[in-house]
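Visitor: To be precise about what I am sending: the file is called input_10.cif and holds mmCIF, C-alpha atoms.
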```
data_work
#
loop_
_atom_site.label_atom_id
_atom_site.label_comp_id
_atom_site.auth_asym_id
_atom_site.auth_seq_id
_atom_site.Cartn_x
_atom_site.Cartn_y
_atom_site.Cartn_z
CA MET A 184 0.81 -18.74 14.79
CA LEU A 185 2.41 -15.91 12.84
CA ASP A 186 1.53 -12.66 14.57
CA ILE A 187 2.88 -9.22 15.41
CA GLU A 188 5.03 -9.50 18.52
CA ASN A 189 6.20 -5.91 19.02
CA PRO A 190 3.64 -3.38 17.66
CA ASN A 191 5.57 -0.29 18.78
CA GLU A 192 8.75 -1.38 17.04
CA LEU A 193 6.75 -2.32 13.96
CA LEU A 194 5.06 1.09 13.79
CA LYS A 195 8.43 2.80 14.09
CA GLU A 196 9.74 0.70 11.20
CA LEU A 197 6.62 1.50 9.17
CA ARG A 198 7.07 5.24 9.70
CA GLU A 199 10.66 5.00 8.45
CA LYS A 200 9.54 3.10 5.35
CA PHE A 201 6.82 5.64 4.69
CA LEU A 202 9.33 8.50 4.90
CA ARG A 203 11.58 6.83 2.30
CA LEU A 204 8.63 6.28 0.00
CA HIS A 205 7.44 9.85 0.55
CA ASN A 206 10.87 11.13 -0.48
CA ARG A 207 10.73 9.06 -3.67
CA PHE A 208 7.43 10.65 -4.62
CA LEU A 209 9.09 14.03 -4.12
CA ALA A 210 11.92 12.80 -6.38
CA VAL A 211 9.55 11.77 -9.19
CA ALA A 212 8.05 15.27 -9.30
CA MET A 213 11.53 16.78 -9.28
CA ASP A 214 12.58 14.60 -12.22
CA TYR A 215 9.43 15.51 -14.13
CA LYS A 216 10.25 19.19 -13.67
CA TYR A 217 13.90 18.66 -14.58
CA TYR A 218 13.50 16.43 -17.65
CA ILE A 219 9.97 17.05 -19.00
CA ASN A 220 8.25 20.27 -17.94
CA PRO A 221 10.11 23.00 -16.00
CA ASN A 222 7.14 25.41 -16.11
CA ILE A 223 7.08 26.82 -12.59
CA SER A 224 3.37 27.77 -12.78
CA ASP A 225 2.22 24.24 -13.72
CA ASN A 226 1.52 22.48 -10.41
CA GLU A 227 -0.47 19.47 -11.64
CA ILE A 228 2.35 16.99 -11.02
CA TYR A 229 2.42 18.03 -7.35
CA LYS A 230 -1.33 17.59 -6.94
CA LEU A 231 -1.24 14.09 -8.43
CA ARG A 232 1.79 13.17 -6.35
CA ASP A 233 0.12 14.39 -3.15
CA ASN A 234 -3.03 12.38 -3.94
CA VAL A 235 -1.04 9.14 -3.86
CA ILE A 236 0.79 10.17 -0.69
CA PHE A 237 -2.58 10.89 0.96
CA ARG A 238 -3.80 7.38 0.11
CA LEU A 239 -0.62 5.87 1.52
CA GLN A 240 -1.10 7.88 4.72
CA SER A 241 -4.70 6.67 4.92
CA ALA A 242 -3.62 3.04 4.57
CA ARG A 243 -1.01 3.46 7.29
CA PHE A 244 -3.57 5.16 9.53
CA HIS A 245 -6.06 2.30 9.11
CA PHE A 246 -3.34 -0.20 9.98
CA GLU A 247 -2.61 1.72 13.18
CA LEU A 248 -6.36 1.77 13.94
CA LEU A 249 -6.46 -1.99 13.43
CA LEU A 250 -3.68 -2.54 15.98
CA GLN A 251 -5.19 -0.08 18.46
CA HIS A 252 -8.64 -1.63 18.24
CA HIS A 253 -7.15 -5.09 18.61
CA ASN A 254 -5.55 -3.97 21.90
CA TYR A 255 -8.85 -2.46 23.01
CA VAL A 256 -10.75 -5.66 22.23
CA GLU A 257 -8.16 -7.79 23.99
CA TYR A 258 -8.41 -5.62 27.11
CA ASN A 259 -12.22 -5.94 27.17
CA ILE A 260 -12.09 -9.72 26.71
CA LYS A 261 -9.66 -10.02 29.62
CA GLU A 262 -11.99 -7.91 31.76
CA ILE A 263 -14.95 -10.15 30.98
CA HIS A 264 -12.96 -13.35 31.55
CA THR A 265 -11.72 -12.21 34.93
CA SER A 266 -15.13 -10.98 36.05
CA GLN A 267 -16.31 -12.40 39.36
CA ILE A 268 -19.92 -12.54 38.14
CA PRO A 269 -20.50 -16.12 36.94
CA ILE A 270 -23.08 -15.15 34.31
CA LEU A 271 -20.52 -12.85 32.65
CA ASN A 272 -17.48 -15.08 32.92
CA GLY A 273 -17.52 -17.05 29.64
CA GLY A 274 -21.25 -16.49 29.24
CA ILE A 275 -23.50 -14.84 26.69
CA GLU A 276 -21.94 -11.38 27.09
CA LEU A 277 -18.51 -12.73 26.14
CA GLN A 278 -19.89 -14.57 23.11
CA MET A 279 -21.77 -11.52 21.87
CA TYR A 280 -18.77 -9.25 22.39
CA GLN A 281 -16.48 -11.66 20.53
CA MET A 282 -18.85 -11.66 17.55
CA GLN A 283 -19.06 -7.86 17.55
CA ALA A 284 -15.29 -7.44 17.95
CA THR A 285 -14.53 -9.89 15.13
CA GLU A 286 -16.75 -7.98 12.71
CA GLU A 287 -15.17 -4.67 13.77
CA ILE A 288 -11.63 -5.98 13.24
CA TYR A 289 -12.44 -7.32 9.78
CA SER A 290 -14.23 -4.11 8.88
CA LEU A 291 -11.03 -2.19 9.60
CA PHE A 292 -9.04 -4.73 7.62
CA ASP A 293 -11.38 -4.34 4.64
CA SER A 294 -10.94 -0.56 4.80
CA LEU A 295 -7.18 -1.09 4.69
CA ILE A 296 -7.60 -3.21 1.54
CA TYR A 297 -9.66 -0.47 -0.14
CA HIS A 298 -7.03 2.19 0.57
CA LEU A 299 -4.17 -0.02 -0.60
CA CYS A 300 -5.99 -0.68 -3.87
CA SER A 301 -6.77 2.99 -4.38
CA ASN A 302 -3.05 3.70 -4.24
CA PHE A 303 -2.52 1.93 -7.54
CA ASP A 304 -5.35 3.72 -9.33
CA TYR A 305 -3.95 7.06 -8.12
CA LEU A 306 -0.45 5.95 -9.06
CA PHE A 307 -1.47 5.14 -12.62
CA ARG A 308 -3.01 8.59 -12.92
CA LEU A 309 0.40 10.01 -12.07
CA ILE A 310 2.05 7.71 -14.63
CA ASN A 311 -0.49 8.66 -17.29
CA PHE A 312 0.05 12.38 -16.68
CA ILE A 313 3.84 12.08 -16.91
CA HIS A 314 3.53 10.13 -20.18
CA GLY A 315 1.70 13.13 -21.62
CA GLU A 316 0.04 11.51 -24.66
CA THR A 317 -3.64 10.84 -23.90
CA GLU A 318 -4.68 11.96 -20.43
CA LEU A 319 -7.39 9.78 -18.94
CA ALA A 320 -10.38 11.37 -17.21
CA GLN A 321 -10.82 8.32 -14.94
CA PRO A 322 -7.56 6.40 -14.92
CA LYS A 323 -7.47 2.92 -13.42
CA TRP A 324 -4.44 0.80 -12.76
CA ASN A 325 -5.36 -2.05 -15.10
CA LEU A 326 -5.70 0.28 -18.12
CA PHE A 327 -1.95 -0.07 -18.66
CA LYS A 328 -2.66 -3.50 -20.20
CA SER A 329 -5.70 -2.47 -22.24
CA ASP A 330 -5.55 -3.36 -25.95
CA LYS A 331 -5.52 0.32 -26.92
CA ASN A 332 -2.47 1.03 -24.75
CA ILE A 333 -0.61 -2.11 -25.77
CA LYS A 334 -1.05 -1.29 -29.46
CA LYS A 335 -0.42 2.46 -29.38
CA ASN A 336 1.14 3.26 -25.96
CA ILE A 337 -1.22 6.17 -25.43
CA TYR A 338 -1.51 5.86 -21.64
CA CYS A 339 2.08 4.92 -20.78
CA SER A 340 5.23 3.82 -22.57
CA LYS A 341 5.92 0.32 -23.92
CA GLU A 342 8.79 -0.13 -21.47
CA LEU A 343 6.50 0.66 -18.55
CA ILE A 344 3.86 -1.78 -19.74
CA ASP A 345 6.31 -4.68 -19.46
CA ALA A 346 7.54 -3.57 -16.02
CA LEU A 347 4.04 -2.93 -14.64
CA ASP A 348 2.80 -6.28 -15.92
CA ILE A 349 5.36 -8.17 -13.82
CA LEU A 350 4.40 -6.23 -10.68
CA ASP A 351 0.71 -6.59 -11.46
CA GLN A 352 0.82 -10.38 -11.71
CA LYS A 353 2.88 -10.73 -8.56
CA PHE A 354 0.87 -8.48 -6.23
CA VAL A 355 -1.46 -5.81 -7.60
CA TYR A 356 -3.86 -8.12 -9.44
CA PRO A 357 -4.39 -10.37 -6.36
CA LEU A 358 -5.00 -7.24 -4.27
CA ILE A 359 -7.59 -5.88 -6.70
CA LYS A 360 -9.15 -9.33 -7.00
CA HIS A 361 -9.63 -9.51 -3.24
CA ARG A 362 -11.12 -6.02 -3.10
CA SER A 363 -13.51 -6.94 -5.89
CA PHE A 364 -14.57 -10.05 -3.95
CA LEU A 365 -15.29 -7.98 -0.84
CA ILE A 366 -17.32 -5.42 -2.79
CA HIS A 367 -19.25 -7.67 -5.16
CA ASN A 368 -19.48 -11.07 -3.46
CA GLU A 369 -19.52 -11.07 0.32
CA HIS A 370 -17.78 -9.69 3.38
CA ALA A 371 -15.13 -12.09 4.63
CA VAL A 372 -14.92 -12.60 8.39
CA GLY A 373 -12.48 -15.11 9.85
CA GLY A 374 -12.38 -16.82 13.20
CA HIS A 375 -10.55 -15.92 16.37
CA GLN A 376 -8.60 -17.70 19.07
CA ILE A 377 -8.26 -16.85 22.75
CA PHE A 378 -5.19 -18.33 24.46
CA LEU A 379 -6.29 -19.05 28.00
CA ASN A 380 -2.82 -18.95 29.56
CA ASP A 381 -2.44 -15.22 28.92
CA LEU A 382 -5.86 -14.35 27.42
CA LYS A 383 -4.24 -13.17 24.19
CA THR A 384 -6.76 -12.81 21.37
CA ARG A 385 -5.84 -13.52 17.75
CA PHE A 386 -8.07 -12.88 14.75
CA LEU A 387 -7.36 -15.33 11.96
CA VAL A 388 -6.89 -14.61 8.28
CA THR A 389 -9.60 -16.03 6.00
CA GLU A 390 -9.12 -18.87 3.53
CA THR A 391 -10.46 -16.57 0.80
CA LEU A 392 -7.62 -14.11 1.32
CA ILE A 393 -5.01 -16.87 1.40
CA ASN A 394 -6.39 -18.24 -1.88
CA HIS A 395 -6.23 -14.77 -3.47
CA PHE A 396 -2.57 -14.30 -2.45
CA PRO A 397 -0.50 -17.36 -3.42
CA GLU A 398 2.63 -15.48 -2.27
CA LEU A 399 1.46 -15.91 1.34
CA THR A 400 1.63 -19.68 1.08
CA ILE A 401 4.91 -19.53 -0.83
CA GLU A 402 6.50 -17.41 1.92
CA PHE A 403 4.93 -18.90 5.05
CA GLY A 404 3.66 -22.35 4.09
CA GLU A 405 0.65 -23.68 5.96
CA GLU A 406 1.23 -21.77 9.19
CA GLU A 407 -1.75 -20.01 10.71
CA MET A 408 -1.58 -16.23 10.38
CA SER A 409 -3.31 -13.46 12.27
CA ILE A 410 -5.10 -10.67 10.41
CA SER A 411 -2.65 -8.14 11.88
CA PHE A 412 0.32 -10.10 10.54
CA VAL A 413 -1.19 -10.26 7.06
CA ALA A 414 -2.15 -6.57 7.18
CA LYS A 415 1.52 -5.71 7.82
CA TRP A 416 2.56 -8.07 4.99
CA LEU A 417 0.16 -6.33 2.60
CA ILE A 418 1.50 -2.89 3.51
CA ASP A 419 5.09 -4.08 3.06
CA LYS A 420 4.23 -5.55 -0.35
CA THR A 421 2.46 -2.33 -1.34
CA PHE A 422 5.49 -0.22 -0.36
CA GLU A 423 7.81 -2.62 -2.17
CA THR A 424 5.68 -2.62 -5.33
CA ILE A 425 5.20 1.16 -5.41
CA THR A 426 8.95 1.64 -4.88
CA GLU A 427 9.62 -0.51 -7.95
CA VAL A 428 7.03 1.42 -9.95
CA LEU A 429 8.59 4.76 -9.00
CA PHE A 430 12.07 3.67 -10.04
CA GLU A 431 10.65 2.41 -13.35
CA VAL A 432 8.91 5.77 -13.82
CA ARG A 433 12.18 7.56 -13.11
CA ASP A 434 13.93 5.52 -15.82
CA ASP A 435 11.03 6.20 -18.18
CA ILE A 436 11.23 9.96 -17.58
CA ILE A 437 14.93 9.93 -18.42
CA ARG A 438 14.35 7.83 -21.56
CA ASN A 439 11.71 10.28 -22.77
CA ARG A 440 13.34 13.52 -21.63
CA LYS A 441 12.57 16.74 -23.49
CA GLN A 442 14.95 19.46 -24.58
CA VAL A 443 14.20 21.84 -21.72
CA GLN A 444 16.10 24.30 -19.57
CA PRO A 445 15.46 23.27 -15.95
CA ILE A 446 15.00 25.99 -13.36
CA PHE A 447 15.99 23.93 -10.32
CA PHE A 448 19.04 21.66 -10.40
CA SER A 449 21.98 20.43 -8.35
CA LEU A 450 25.63 20.50 -9.26
CA GLY A 451 27.16 17.10 -9.86
CA PRO A 452 30.72 15.95 -10.56
CA ASN A 453 32.79 18.58 -12.40
CA ASN A 454 29.99 21.13 -11.84
CA THR A 455 27.63 19.31 -14.23
CA MET A 456 23.89 19.92 -13.86
CA GLN A 457 21.75 17.14 -12.41
CA SER A 458 18.26 16.75 -11.02
CA THR A 459 17.80 17.66 -7.36
CA SER A 460 16.11 14.26 -6.99
CA VAL A 461 19.51 12.60 -6.47
CA HIS A 462 19.23 13.58 -2.80
CA TYR A 463 15.84 11.86 -2.37
CA TRP A 464 15.84 8.54 -4.26
CA GLY A 465 18.05 6.44 -2.00
CA GLU A 466 18.98 2.84 -2.79
CA ARG A 467 16.42 0.97 -4.86
CA ASN A 468 16.57 -2.18 -2.73
CA HIS A 469 16.12 -0.23 0.53
CA ILE A 470 12.35 -0.26 0.89
#
```
Give the structure from this file in structure tokens form.
Guide:
Amino acid sequence: MLDIENPNELLKELREKFLRLHNRFLAVAMDYKYYINPNISDNEIYKLRDNVIFRLQSARFHFELLLQHHNYVEYNIKEIHTSQIPILNGGIELQMYQMQATEEIYSLFDSLIYHLCSNFDYLFRLINFIHGETELAQPKWNLFKSDKNIKKNIYCSKELIDALDILDQKFVYPLIKHRSFLIHNEHAVGGHQIFLNDLKTRFLVTETLINHFPELTIEFGEEEMSISFVAKWLIDKTFETITEVLFEVRDDIIRNRKQVQPIFFSLGPNNTMQSTSVHYWGERNHI
């Protein structure tokens, strides 16, 4: 079964990835101020940027809660299994606790899905603001491919539409589809396995989720996967997708730059002016 083997190492890696992504959000705001609007009293770009960062932090926090609660559940199951009271050892208390714990784990996983989805709605609000044509009161991610935007590019540029569409088909649309299923159809709770040799407990990913994410099968075949493993995969894919979006937004800002006099800048080769963002972007393929 595919599962998380070293949670502490994984969380350290996740914190490093989050820091790189955080820096890229800082860089987007810097580029907006350098190329589009240097007005020092206009702070809207920072508010919108921080909204997305907050959602990313919330998703990471829920993932950590999922791992912590999994450890807590596993400890309790071991305690019940090793109990010297026959009626408790493998009896009704264990069955009831397993049912309760399974629902709690999947509840946390669902919350993670909601936060990951919200990231993309918040992100499109940032994109829409930077584009500066028609600002949406309630922006949603999938409005980039609305007929009105495709015909007139009022919410984001034509170049961004093509780039976002590729990312949407690969990951964002399946994510939104799964969230919609959880909200409008039914809650999805998978099974669990207890390995008697070491009393390790694994909560299994649901068939519904696997069907909504064809990439899982492409990457891992028919192997069984734990919910923790898939949660980490979803966060990685979210970070990867948002990184691609941010680099596309950077290119779009430069394409549509205004004739402005930036207040903050760095000195580049031969004392040329450049955006201070150069110190924050990093390598595009380093997620």
Visitor: May I have the protein, DNA and RNA residues with any atom at most 9 Å from the point (4.9, 1.7, -1.7), counting only C-alpha atoms, written as a VMD selection string?
Guide: chain A and resid 200 to 201 204 to 205 239 302 418 to 429 470
Visitor: Kindly give the distance, in Å, that separates atom CA of Pro221 of chain A and atom CA of Asn234 of chain A, rounded to a single decimal.
Guide: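 Atom CA of Asn234 of chain A lies 20.8 Å from atom CA of Pro221 of chain A.
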Visitor: Residues near segment 331-340 of chain A, anyone? I mean within 9 Å using all atoms listed in the file, not counting same-chain ones fewer than 6 positions away, as a list in words.
Guide: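 Final neighbour list, sorted by chain and number: Phe307, Ile310, Asn311, Phe312, Ile313, His314, Gly315, Glu316, Thr317, Glu318, Leu319 and Asp435 of chain A.
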Visitor: Filtering to C-alpha atoms, could you give me those residues as a PDB file, in the frame of the given file?
Guide:
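Output saved as out-v9.pdb:
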```pdb
ATOM      1  CA  PHE A 307      -1.470   5.140 -12.620  1.00  0.00           C
ATOM      2  CA  ILE A 310       2.050   7.710 -14.630  1.00  0.00           C
ATOM      3  CA  ASN A 311      -0.490   8.660 -17.290  1.00  0.00           C
ATOM      4  CA  PHE A 312       0.050  12.380 -16.680  1.00  0.00           C
ATOM      5  CA  ILE A 313       3.840  12.080 -16.910  1.00  0.00           C
ATOM      6  CA  HIS A 314       3.530  10.130 -20.180  1.00  0.00           C
ATOM      7  CA  GLY A 315       1.700  13.130 -21.620  1.00  0.00           C
ATOM      8  CA  GLU A 316       0.040  11.510 -24.660  1.00  0.00           C
ATOM      9  CA  THR A 317      -3.640  10.840 -23.900  1.00  0.00           C
ATOM     10  CA  GLU A 318      -4.680  11.960 -20.430  1.00  0.00           C
ATOM     11  CA  LEU A 319      -7.390   9.780 -18.940  1.00  0.00           C
ATOM     12  CA  ASP A 435      11.030   6.200 -18.180  1.00  0.00           C
TER      13      ASP A 435
END
```
Visitor: Can you list what the PyMOL selection byres ((chain A and resi 226-228) around 8) grabs from this structure, as a PDB file with C-alpha atoms, keeping the file's coordinate frame?
Guide:
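Writing the result to part28.pdb gives the following:
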```pdb
ATOM      1  CA  ALA A 212       8.050  15.270  -9.300  1.00  0.00           C
ATOM      2  CA  TYR A 215       9.430  15.510 -14.130  1.00  0.00           C
ATOM      3  CA  ILE A 223       7.080  26.820 -12.590  1.00  0.00           C
ATOM      4  CA  SER A 224       3.370  27.770 -12.780  1.00  0.00           C
ATOM      5  CA  ASP A 225       2.220  24.240 -13.720  1.00  0.00           C
ATOM      6  CA  TYR A 229       2.420  18.030  -7.350  1.00  0.00           C
ATOM      7  CA  LYS A 230      -1.330  17.590  -6.940  1.00  0.00           C
ATOM      8  CA  LEU A 231      -1.240  14.090  -8.430  1.00  0.00           C
ATOM      9  CA  ARG A 232       1.790  13.170  -6.350  1.00  0.00           C
ATOM     10  CA  LEU A 309       0.400  10.010 -12.070  1.00  0.00           C
ATOM     11  CA  PHE A 312       0.050  12.380 -16.680  1.00  0.00           C
ATOM     12  CA  ILE A 313       3.840  12.080 -16.910  1.00  0.00           C
TER      13      ILE A 313
END
```
Visitor: I'd like to see the residues matched by the PyMOL selection byres ((chain A and resi 325) around 10) on this file, and ideally I'd get them as a ChimeraX atom specification.
Guide: /A:303-304,307,322-324,326-329,347-348,351,355-356,359
Visitor: Pick out the closest residue to Phe447 of chain A from this set: A:Met213, A:Val235, A:Ile263, A:Leu277. Count all atoms listed in the file.
Guide: A:Met213
Visitor: What would the selection look like, as number ranges by chain, if the PyMOL selection byres ((chain A and resi 407) around 7) were run on the coordinates I just shared?
Guide: A: 184-185, 405-406, 408-409
